[in-house]
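One file, target-v9.csv, carrying CSV, N, CA and C atoms and all ligand atoms:
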```csv
chain,number,residue,atom,x,y,z
A,610,MET,N,-6.3,15.6,13.4
A,610,MET,CA,-5.9,14.6,12.4
A,610,MET,C,-6.5,15.0,11.0
A,611,SER,N,-5.8,14.8,10.0
A,611,SER,CA,-6.3,15.1,8.7
A,611,SER,C,-6.9,13.8,8.1
A,612,ALA,N,-7.9,14.0,7.3
A,612,ALA,CA,-8.5,12.9,6.7
A,612,ALA,C,-7.8,12.4,5.4
A,613,THR,N,-6.8,13.2,5.0
A,613,THR,CA,-6.1,12.8,3.8
A,613,THR,C,-5.1,11.7,4.2
A,614,ARG,N,-4.6,11.0,3.2
A,614,ARG,CA,-3.7,9.9,3.4
A,614,ARG,C,-2.4,10.5,3.9
A,615,LEU,N,-1.8,9.9,4.9
A,615,LEU,CA,-0.6,10.3,5.5
A,615,LEU,C,0.5,9.9,4.5
A,616,ARG,N,1.5,10.8,4.3
A,616,ARG,CA,2.6,10.5,3.4
A,616,ARG,C,3.8,10.1,4.3
A,617,ASP,N,4.7,9.3,3.7
A,617,ASP,CA,5.9,9.0,4.3
A,617,ASP,C,5.8,8.6,5.7
A,618,THR,N,4.9,7.6,6.0
A,618,THR,CA,4.8,7.1,7.3
A,618,THR,C,6.1,6.2,7.6
A,619,PRO,N,6.4,6.0,8.9
A,619,PRO,CA,7.6,5.2,9.2
A,619,PRO,C,7.7,3.9,8.4
A,620,GLY,N,6.6,3.2,8.3
A,620,GLY,CA,6.6,1.9,7.6
A,620,GLY,C,7.0,2.0,6.2
A,621,GLU,N,6.4,3.1,5.5
A,621,GLU,CA,6.7,3.3,4.1
A,621,GLU,C,8.2,3.6,3.9
A,622,VAL,N,8.7,4.5,4.8
A,622,VAL,CA,10.1,4.9,4.6
A,622,VAL,C,11.0,3.7,4.8
A,623,ASP,N,10.7,2.9,5.8
A,623,ASP,CA,11.5,1.7,6.1
A,623,ASP,C,11.4,0.7,4.9
A,624,LEU,N,10.3,0.5,4.4
A,624,LEU,CA,10.2,-0.5,3.3
A,624,LEU,C,10.9,0.1,2.1
A,625,ARG,N,10.7,1.3,1.8
A,625,ARG,CA,11.4,1.9,0.6
A,625,ARG,C,12.9,1.8,0.8
A,626,SER,N,13.4,2.1,1.9
A,626,SER,CA,14.9,2.2,2.1
A,626,SER,C,15.4,0.7,2.0
A,627,ARG,N,14.7,-0.2,2.5
A,627,ARG,CA,15.2,-1.6,2.4
A,627,ARG,C,15.2,-2.1,1.0
A,628,LEU,N,14.1,-1.7,0.2
A,628,LEU,CA,14.1,-2.1,-1.2
A,628,LEU,C,15.2,-1.4,-1.9
A,629,ARG,N,15.4,-0.1,-1.6
A,629,ARG,CA,16.5,0.6,-2.3
A,629,ARG,C,17.8,-0.1,-2.1
A,630,SER,N,18.1,-0.5,-0.8
A,630,SER,CA,19.4,-1.1,-0.5
A,630,SER,C,19.5,-2.4,-1.2
A,631,MET,N,18.4,-3.0,-1.6
A,631,MET,CA,18.4,-4.3,-2.4
A,631,MET,C,18.5,-4.0,-3.9
A,632,GLY,N,18.5,-2.8,-4.3
A,632,GLY,CA,18.6,-2.4,-5.7
A,632,GLY,C,17.2,-2.2,-6.4
A,633,TYR,N,16.1,-2.1,-5.6
A,633,TYR,CA,14.8,-1.9,-6.2
A,633,TYR,C,14.3,-0.5,-5.9
A,634,ARG,N,14.3,0.3,-6.9
A,634,ARG,CA,13.9,1.7,-6.8
A,634,ARG,C,12.6,1.9,-7.4
A,635,GLY,N,11.6,1.8,-6.5
A,635,GLY,CA,10.2,2.1,-7.0
A,635,GLY,C,10.0,3.6,-7.0
A,636,ARG,N,9.1,4.0,-7.7
A,636,ARG,CA,8.7,5.4,-7.6
A,636,ARG,C,7.7,5.5,-6.4
A,637,THR,N,7.7,6.7,-5.9
A,637,THR,CA,6.8,6.8,-4.7
A,637,THR,C,5.6,7.7,-5.0
A,638,GLU,N,4.6,7.5,-4.2
A,638,GLU,CA,3.4,8.3,-4.3
A,638,GLU,C,2.9,8.6,-5.7
A,639,VAL,N,2.8,7.6,-6.4
A,639,VAL,CA,2.4,7.7,-7.8
A,639,VAL,C,0.9,7.6,-7.9
A,640,LYS,N,0.3,8.5,-8.7
A,640,LYS,CA,-1.2,8.3,-8.9
A,640,LYS,C,-1.4,7.2,-9.8
A,641,VAL,N,-2.1,6.2,-9.3
A,641,VAL,CA,-2.4,5.0,-10.2
A,641,VAL,C,-3.9,5.0,-10.6
A,642,LEU,N,-4.7,5.7,-9.9
A,642,LEU,CA,-6.1,5.6,-10.2
A,642,LEU,C,-6.8,6.9,-9.8
A,643,GLY,N,-6.9,7.8,-10.8
A,643,GLY,CA,-7.5,9.1,-10.5
A,643,GLY,C,-6.7,9.8,-9.4
A,644,ARG,N,-7.2,10.1,-8.3
A,644,ARG,CA,-6.5,10.8,-7.3
A,644,ARG,C,-5.8,9.8,-6.3
A,645,ARG,N,-6.1,8.5,-6.4
A,645,ARG,CA,-5.5,7.6,-5.5
A,645,ARG,C,-4.1,7.3,-5.8
A,646,ARG,N,-3.3,7.2,-4.8
A,646,ARG,CA,-1.9,7.0,-5.0
A,646,ARG,C,-1.4,5.6,-4.4
A,647,ALA,N,-0.5,5.0,-5.0
A,647,ALA,CA,0.2,3.9,-4.4
A,647,ALA,C,1.4,4.4,-3.7
A,648,ASP,N,1.8,3.7,-2.6
A,648,ASP,CA,3.0,4.2,-1.9
A,648,ASP,C,4.3,4.0,-2.6
A,649,ILE,N,4.4,2.8,-3.2
A,649,ILE,CA,5.6,2.5,-4.0
A,649,ILE,C,5.1,1.8,-5.3
A,650,VAL,N,5.6,2.3,-6.4
A,650,VAL,CA,5.2,1.8,-7.7
A,650,VAL,C,6.4,1.3,-8.5
A,651,PHE,N,6.3,0.1,-9.0
A,651,PHE,CA,7.2,-0.4,-10.0
A,651,PHE,C,6.5,-0.5,-11.3
A,652,ALA,N,6.6,0.6,-12.1
A,652,ALA,CA,5.8,0.8,-13.2
A,652,ALA,C,6.0,-0.2,-14.3
A,653,ARG,N,7.2,-0.6,-14.7
A,653,ARG,CA,7.4,-1.5,-15.7
A,653,ARG,C,6.9,-2.9,-15.4
A,654,ALA,N,7.1,-3.2,-14.1
A,654,ALA,CA,6.6,-4.6,-13.6
A,654,ALA,C,5.1,-4.5,-13.3
A,655,LYS,N,4.6,-3.3,-13.3
A,655,LYS,CA,3.2,-3.1,-12.9
A,655,LYS,C,2.9,-3.7,-11.6
A,656,VAL,N,3.7,-3.3,-10.6
A,656,VAL,CA,3.4,-3.7,-9.2
A,656,VAL,C,3.2,-2.5,-8.4
A,657,ALA,N,2.1,-2.5,-7.7
A,657,ALA,CA,1.8,-1.3,-6.8
A,657,ALA,C,1.8,-1.8,-5.4
A,658,VAL,N,2.5,-1.1,-4.5
A,658,VAL,CA,2.7,-1.5,-3.1
A,658,VAL,C,2.0,-0.4,-2.2
A,659,PHE,N,1.2,-0.9,-1.3
A,659,PHE,CA,0.6,0.0,-0.3
A,659,PHE,C,1.0,-0.4,1.1
A,660,VAL,N,1.3,0.6,1.9
A,660,VAL,CA,1.5,0.4,3.3
A,660,VAL,C,0.3,1.0,4.1
A,661,ASP,N,-0.5,0.2,4.6
A,661,ASP,CA,-1.8,0.7,5.2
A,661,ASP,C,-1.6,1.0,6.7
A,662,GLY,N,-1.9,2.2,7.1
A,662,GLY,CA,-1.8,2.6,8.5
A,662,GLY,C,-2.8,1.8,9.3
A,663,CYS,N,-2.4,1.3,10.5
A,663,CYS,CA,-3.2,0.5,11.3
A,663,CYS,C,-4.5,1.2,11.7
A,664,PHE,N,-4.5,2.4,12.0
A,664,PHE,CA,-5.7,3.1,12.5
A,664,PHE,C,-6.6,3.4,11.3
A,665,TRP,N,-6.1,4.1,10.3
A,665,TRP,CA,-6.9,4.5,9.2
A,665,TRP,C,-7.6,3.4,8.4
A,666,HIS,N,-6.9,2.3,8.4
A,666,HIS,CA,-7.4,1.2,7.5
A,666,HIS,C,-8.0,0.0,8.4
A,667,GLY,N,-8.0,0.2,9.7
A,667,GLY,CA,-8.7,-0.7,10.6
A,667,GLY,C,-8.0,-2.0,10.7
A,668,CYS,N,-6.7,-2.0,11.0
A,668,CYS,CA,-5.9,-3.2,11.3
A,668,CYS,C,-6.6,-4.1,12.3
A,669,PRO,N,-6.7,-5.4,12.0
A,669,PRO,CA,-7.4,-6.3,13.0
A,669,PRO,C,-6.6,-6.4,14.3
A,670,THR,N,-5.3,-6.2,14.3
A,670,THR,CA,-4.5,-6.3,15.5
A,670,THR,C,-4.5,-5.0,16.3
A,671,HIS,N,-4.2,-3.9,15.6
A,671,HIS,CA,-4.0,-2.6,16.3
A,671,HIS,C,-5.1,-1.5,16.0
A,672,GLY,N,-6.0,-1.9,15.1
A,672,GLY,CA,-7.0,-0.9,14.8
A,672,GLY,C,-7.8,-0.5,16.1
A,673,THR,N,-8.1,0.7,16.3
A,673,THR,CA,-8.9,1.1,17.4
A,673,THR,C,-10.1,1.8,16.9
A,674,TRP,N,-11.2,1.6,17.5
A,674,TRP,CA,-12.4,2.2,17.1
A,674,TRP,C,-12.8,3.3,18.2
A,675,PRO,N,-12.5,4.5,17.8
A,675,PRO,CA,-12.7,5.6,18.8
A,675,PRO,C,-14.2,5.6,19.4
A,676,LYS,N,-14.3,5.9,20.7
A,676,LYS,CA,-15.6,5.9,21.3
A,676,LYS,C,-16.3,7.2,21.0
A,677,ALA,N,-15.5,8.3,21.1
A,677,ALA,CA,-16.2,9.6,20.7
A,677,ALA,C,-16.5,9.6,19.3
A,678,ASN,N,-17.7,10.1,18.9
A,678,ASN,CA,-18.1,10.1,17.5
A,678,ASN,C,-17.9,8.7,16.8
A,679,ALA,N,-18.3,7.7,17.6
A,679,ALA,CA,-18.1,6.3,17.1
A,679,ALA,C,-18.7,6.1,15.8
A,680,MET,N,-19.9,6.6,15.5
A,680,MET,CA,-20.5,6.3,14.2
A,680,MET,C,-19.7,6.9,13.1
A,681,TRP,N,-19.2,8.1,13.3
A,681,TRP,CA,-18.5,8.8,12.3
A,681,TRP,C,-17.2,8.1,12.0
A,682,TRP,N,-16.5,7.7,13.0
A,682,TRP,CA,-15.2,7.0,12.8
A,682,TRP,C,-15.4,5.7,12.1
A,683,ARG,N,-16.5,5.0,12.6
A,683,ARG,CA,-16.7,3.7,12.0
A,683,ARG,C,-17.0,3.8,10.5
A,684,ALA,N,-17.8,4.8,10.1
A,684,ALA,CA,-18.1,5.0,8.7
A,684,ALA,C,-16.8,5.4,8.0
A,685,LYS,N,-16.0,6.2,8.6
A,685,LYS,CA,-14.7,6.7,8.0
A,685,LYS,C,-13.8,5.5,7.7
A,686,ILE,N,-13.6,4.7,8.7
A,686,ILE,CA,-12.6,3.6,8.6
A,686,ILE,C,-13.2,2.5,7.6
A,687,LEU,N,-14.5,2.2,7.8
A,687,LEU,CA,-15.0,1.2,6.9
A,687,LEU,C,-15.0,1.8,5.4
A,688,GLY,N,-15.2,3.1,5.3
A,688,GLY,CA,-15.1,3.7,4.0
A,688,GLY,C,-13.7,3.6,3.4
A,689,ASN,N,-12.7,3.7,4.2
A,689,ASN,CA,-11.3,3.6,3.7
A,689,ASN,C,-11.1,2.1,3.2
A,690,ARG,N,-11.6,1.2,4.0
A,690,ARG,CA,-11.4,-0.2,3.7
A,690,ARG,C,-12.1,-0.6,2.4
A,691,LYS,N,-13.3,0.0,2.2
A,691,LYS,CA,-14.1,-0.2,1.0
A,691,LYS,C,-13.3,0.3,-0.2
A,692,ARG,N,-12.8,1.5,0.0
A,692,ARG,CA,-12.0,2.1,-1.1
A,692,ARG,C,-10.8,1.3,-1.4
A,693,ASP,N,-10.1,0.8,-0.4
A,693,ASP,CA,-8.9,-0.1,-0.6
A,693,ASP,C,-9.3,-1.3,-1.5
A,694,ARG,N,-10.4,-1.9,-1.1
A,694,ARG,CA,-10.9,-3.1,-1.9
A,694,ARG,C,-11.2,-2.7,-3.4
A,695,ASN,N,-11.8,-1.5,-3.5
A,695,ASN,CA,-12.1,-1.1,-4.9
A,695,ASN,C,-10.8,-0.8,-5.6
A,696,THR,N,-9.9,-0.1,-5.0
A,696,THR,CA,-8.6,0.2,-5.6
A,696,THR,C,-7.9,-1.1,-6.1
A,697,ASN,N,-7.9,-2.1,-5.2
A,697,ASN,CA,-7.3,-3.4,-5.6
A,697,ASN,C,-8.0,-4.0,-6.8
A,698,ARG,N,-9.3,-4.0,-6.8
A,698,ARG,CA,-10.1,-4.5,-7.9
A,698,ARG,C,-9.8,-3.8,-9.2
A,699,VAL,N,-9.8,-2.5,-9.2
A,699,VAL,CA,-9.6,-1.8,-10.4
A,699,VAL,C,-8.2,-2.0,-10.9
A,700,LEU,N,-7.2,-1.9,-10.0
A,700,LEU,CA,-5.8,-2.1,-10.5
A,700,LEU,C,-5.6,-3.5,-11.1
A,701,ARG,N,-6.1,-4.5,-10.4
A,701,ARG,CA,-5.9,-5.9,-10.8
A,701,ARG,C,-6.6,-6.0,-12.2
A,702,LYS,N,-7.7,-5.5,-12.4
A,702,LYS,CA,-8.4,-5.5,-13.7
A,702,LYS,C,-7.5,-4.9,-14.8
A,703,ASP,N,-6.7,-3.9,-14.4
A,703,ASP,CA,-5.9,-3.2,-15.3
A,703,ASP,C,-4.5,-3.9,-15.4
A,704,GLY,N,-4.3,-5.1,-14.9
A,704,GLY,CA,-3.1,-5.8,-15.0
A,704,GLY,C,-2.0,-5.6,-14.0
A,705,TRP,N,-2.4,-4.8,-12.9
A,705,TRP,CA,-1.4,-4.6,-11.9
A,705,TRP,C,-1.4,-5.7,-10.8
A,706,ILE,N,-0.3,-5.9,-10.2
A,706,ILE,CA,-0.2,-6.8,-9.0
A,706,ILE,C,-0.2,-5.8,-7.8
A,707,VAL,N,-1.1,-6.0,-6.9
A,707,VAL,CA,-1.3,-5.1,-5.8
A,707,VAL,C,-0.8,-5.8,-4.5
A,708,LEU,N,0.2,-5.2,-3.8
A,708,LEU,CA,0.7,-5.8,-2.6
A,708,LEU,C,0.3,-4.8,-1.5
A,709,ARG,N,-0.3,-5.3,-0.4
A,709,ARG,CA,-0.6,-4.4,0.7
A,709,ARG,C,0.0,-5.0,2.0
A,710,PHE,N,0.6,-4.1,2.7
A,710,PHE,CA,1.2,-4.4,4.0
A,710,PHE,C,0.6,-3.5,5.0
A,711,TRP,N,0.5,-4.1,6.2
A,711,TRP,CA,0.1,-3.2,7.4
A,711,TRP,C,1.3,-2.4,7.8
A,712,GLU,N,1.1,-1.2,8.3
A,712,GLU,CA,2.1,-0.4,8.9
A,712,GLU,C,3.0,-1.2,9.9
A,713,HIS,N,2.4,-2.1,10.6
A,713,HIS,CA,3.1,-2.9,11.6
A,713,HIS,C,3.9,-4.0,11.1
A,714,SER,N,3.8,-4.3,9.8
A,714,SER,CA,4.5,-5.5,9.2
A,714,SER,C,6.0,-5.4,9.4
A,715,LYS,N,6.6,-6.6,9.4
A,715,LYS,CA,8.0,-6.7,9.5
A,715,LYS,C,8.5,-6.3,8.1
A,716,MET,N,9.1,-5.1,8.0
A,716,MET,CA,9.4,-4.6,6.6
A,716,MET,C,10.6,-5.3,6.0
A,717,ASP,N,11.5,-6.0,6.7
A,717,ASP,CA,12.5,-6.8,6.1
A,717,ASP,C,11.9,-7.9,5.3
A,718,ARG,N,10.9,-8.5,5.8
A,718,ARG,CA,10.2,-9.6,5.1
A,718,ARG,C,9.3,-9.0,4.0
A,719,ALA,N,8.7,-7.9,4.2
A,719,ALA,CA,7.9,-7.3,3.2
A,719,ALA,C,8.8,-6.9,2.0
A,720,ALA,N,10.0,-6.4,2.2
A,720,ALA,CA,10.9,-6.0,1.1
A,720,ALA,C,11.2,-7.2,0.3
A,721,ILE,N,11.5,-8.3,0.9
A,721,ILE,CA,11.8,-9.6,0.2
A,721,ILE,C,10.6,-10.0,-0.7
A,722,ALA,N,9.4,-9.9,-0.1
A,722,ALA,CA,8.2,-10.3,-0.8
A,722,ALA,C,8.0,-9.4,-2.0
A,723,VAL,N,8.2,-8.1,-1.9
A,723,VAL,CA,8.0,-7.2,-3.0
A,723,VAL,C,9.1,-7.5,-4.1
A,724,ALA,N,10.3,-7.7,-3.7
A,724,ALA,CA,11.4,-8.0,-4.6
A,724,ALA,C,11.1,-9.2,-5.4
A,725,LYS,N,10.6,-10.3,-4.8
A,725,LYS,CA,10.3,-11.5,-5.5
A,725,LYS,C,9.2,-11.3,-6.5
A,726,VAL,N,8.2,-10.6,-6.2
A,726,VAL,CA,7.1,-10.3,-7.1
A,726,VAL,C,7.6,-9.5,-8.3
A,727,VAL,N,8.3,-8.4,-8.0
A,727,VAL,CA,8.8,-7.6,-9.1
A,727,VAL,C,9.7,-8.4,-10.0
A,728,ASP,N,10.6,-9.2,-9.5
A,728,ASP,CA,11.5,-10.0,-10.3
A,728,ASP,C,10.7,-11.0,-11.2
A,729,ARG,N,9.7,-11.6,-10.6
A,729,ARG,CA,8.9,-12.6,-11.3
A,729,ARG,C,8.2,-11.9,-12.4
A,730,ARG,N,7.7,-10.7,-12.1
A,730,ARG,CA,6.9,-10.0,-13.1
A,730,ARG,C,7.8,-9.5,-14.3
A,731,LEU,N,9.0,-9.1,-13.9
A,731,LEU,CA,9.9,-8.6,-15.0
A,731,LEU,C,10.4,-9.8,-15.9
A,732,ARG,N,10.6,-10.9,-15.2
A,732,ARG,CA,11.0,-12.1,-16.0
A,732,ARG,C,9.9,-12.5,-16.9
A,733,ALA,N,8.7,-12.5,-16.4
A,733,ALA,CA,7.5,-12.8,-17.2
A,733,ALA,C,7.4,-11.9,-18.4
A,734,LYS,N,7.8,-10.6,-18.2
A,734,LYS,CA,7.6,-9.7,-19.3
A,734,LYS,C,8.9,-9.6,-20.1
A,735,ASN,N,9.9,-10.4,-19.7
A,735,ASN,CA,11.2,-10.4,-20.4
A,735,ASN,C,11.9,-9.1,-20.3
A,736,LEU,N,11.8,-8.5,-19.1
A,736,LEU,CA,12.5,-7.2,-18.9
A,736,LEU,C,13.6,-7.4,-17.9
A,737,ALA,N,14.6,-6.6,-18.0
A,737,ALA,CA,15.7,-6.6,-17.0
A,737,ALA,C,15.3,-5.7,-15.9
A,738,ARG,N,15.8,-5.9,-14.7
A,738,ARG,CA,15.6,-5.0,-13.6
A,738,ARG,C,16.4,-3.8,-13.8
A,801,ZN,ZN,-1.5,-3.1,12.9
```
Kindly present the structure from the file in structure tokens form.
Ligand SMILES: [Zn+2]
Amino acid sequence: MSATRLRDTPGEVDLRSRLRSMGYRGRTEVKVLGRRRADIVFARAKVAVFVDGCFWHGCPTHGTWPKANAMWWRAKILGNRKRDRNTNRVLRKDGWIVLRFWEHSKMDRAAIAVAKVVDRRLRAKNLAR
């Protein structure tokens, strides 16, 4: 397993294609903060979407804590979560709306939630989609 962020996980692909079919074309894998990337970015609306993997980000429902090298894994997963919180904080400070979904989320609902936020944001900024 690689320690780098997985790209194009099934959840991301699912969410992106649902959004696209609704007419929302976010850019993907955009660097928003140094080397950190958001999974789907709506730049004009300033909405950054993340789909967090259940294992790497320690999902409360499906996150597993490996027994072998338990300390290392614990530090790794807690480190990821800490970085997620920091990413949220820094982006929000910079005027972004950050939306995070678990990989296990129902992506049909997630797509609707993203669309609503993007629309509201564009309206507030007086921009057309
Ligand atoms: Zn999960």
Inset, instruction - May I have the residues within 7 Å of segment 697-706 of chain A as a PyMOL selection string, using only N, CA and C atoms and disregarding those fewer than 6 positions away in the same chain? - result: chain A and resi 654-658
Legend entry - Spatial neighbours of Lys685 of chain A, 7 Å, only N, CA and C atoms, chain gap at least 5 places, as number ranges by chain: A: 665, 680, 690
For the selection you just gave me, I'd like the residues written to a file as a short mmCIF file (atom, residue, chain, number, x, y, z; two decimals), keeping the file's coordinate frame, keeping N, CA and C atoms.
```
data_model
loop_
_atom_site.label_atom_id
_atom_site.label_comp_id
_atom_site.auth_asym_id
_atom_site.auth_seq_id
_atom_site.Cartn_x
_atom_site.Cartn_y
_atom_site.Cartn_z
N TRP A 665 -6.10 4.10 10.30
CA TRP A 665 -6.90 4.50 9.20
C TRP A 665 -7.60 3.40 8.40
N MET A 680 -19.90 6.60 15.50
CA MET A 680 -20.50 6.30 14.20
C MET A 680 -19.70 6.90 13.10
N ARG A 690 -11.60 1.20 4.00
CA ARG A 690 -11.40 -0.20 3.70
C ARG A 690 -12.10 -0.60 2.40
#
```
Inset, instruction - Quick one: pull the distance between atom C of Asn735 of chain A and atom C of Ala719 of chain A, Å, one decimal. - result: 22.6 Å
Inset, instruction - Kindly provide, as a list in words, all nucleotide and amino acid residues lying within 7 Å of ligand ZN 801 (chain A), counting only C-alpha atoms and all ligand atoms. - result: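 Those residues are Cys663, Cys668, Pro669, Thr670, His671, Gly672, Trp711, Glu712 and His713 of chain A.
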Inset, instruction - Compare A:Arg653, A:His666, A:Arg646, A:Arg634 by their minimum atom-to-atom distance to Ile686 of chain A, counting only C-alpha atoms, and give me the closest one. - result: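 Of A:Arg653, A:His666, A:Arg646, A:Arg634, the one nearest Ile686 of chain A is A:His666, counting only C-alpha atoms.
The two atoms in question, atom C of Val660 of chain A and atom CA of Phe710 of chain A, are spaced 5.5 Å apart.
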Give the padded box for segment 676-680 of chain A as lines of an AutoDock Vina configuration file: axis-aligned, covering all atoms listed in the file, 3 Å on each side, centre and edge lengths in Å to one decimal.
```
center_x = -17.4
center_y = 8.0
center_z = 17.2
size_x = 12.2
size_y = 10.2
size_z = 14.2
```
Inset, instruction - Select from chain A everything DSSP, run on the backbone, classes as strand (DSSP E or B), then give the selection as a ChimeraX atom specification. - result: /A:636-642,645-651,656-661,706-711
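In this structure, atom C of Ala652 of chain A sits 19.9 Å away from atom N of Val622 of chain A.
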Inset, instruction - Have a look at A:Arg692, A:Arg625, A:Arg730, A:Lys715 and name the one nearest to Thr637 of chain A; count only C-alpha atoms. - result: A:Arg625
Legend entry - Nearest to Pro619 of chain A by atom-to-atom distance, counting only C-alpha atoms, from A:Ala737, A:Asp661, A:Leu642, A:Gly632: A:Asp661
Legend entry - Selection near Phe659 of chain A, 6 Å with only C-alpha atoms, sequence-local residues under 3 positions removed, as a PyMOL selection string: chain A and resi 647-648+709
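Restricting the calculation to only N, CA and C atoms, the smallest distance between Met716 of chain A and any of A:Leu624, A:Glu638, A:Asn678, A:Asp617 is found for A:Leu624.
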Inset, instruction - Extract the full set of alpha helix (DSSP H) residues from segment 638-712 of chain A according to DSSP on the backbone, and format it as a ChimeraX atom specification. - result: /A:679-702
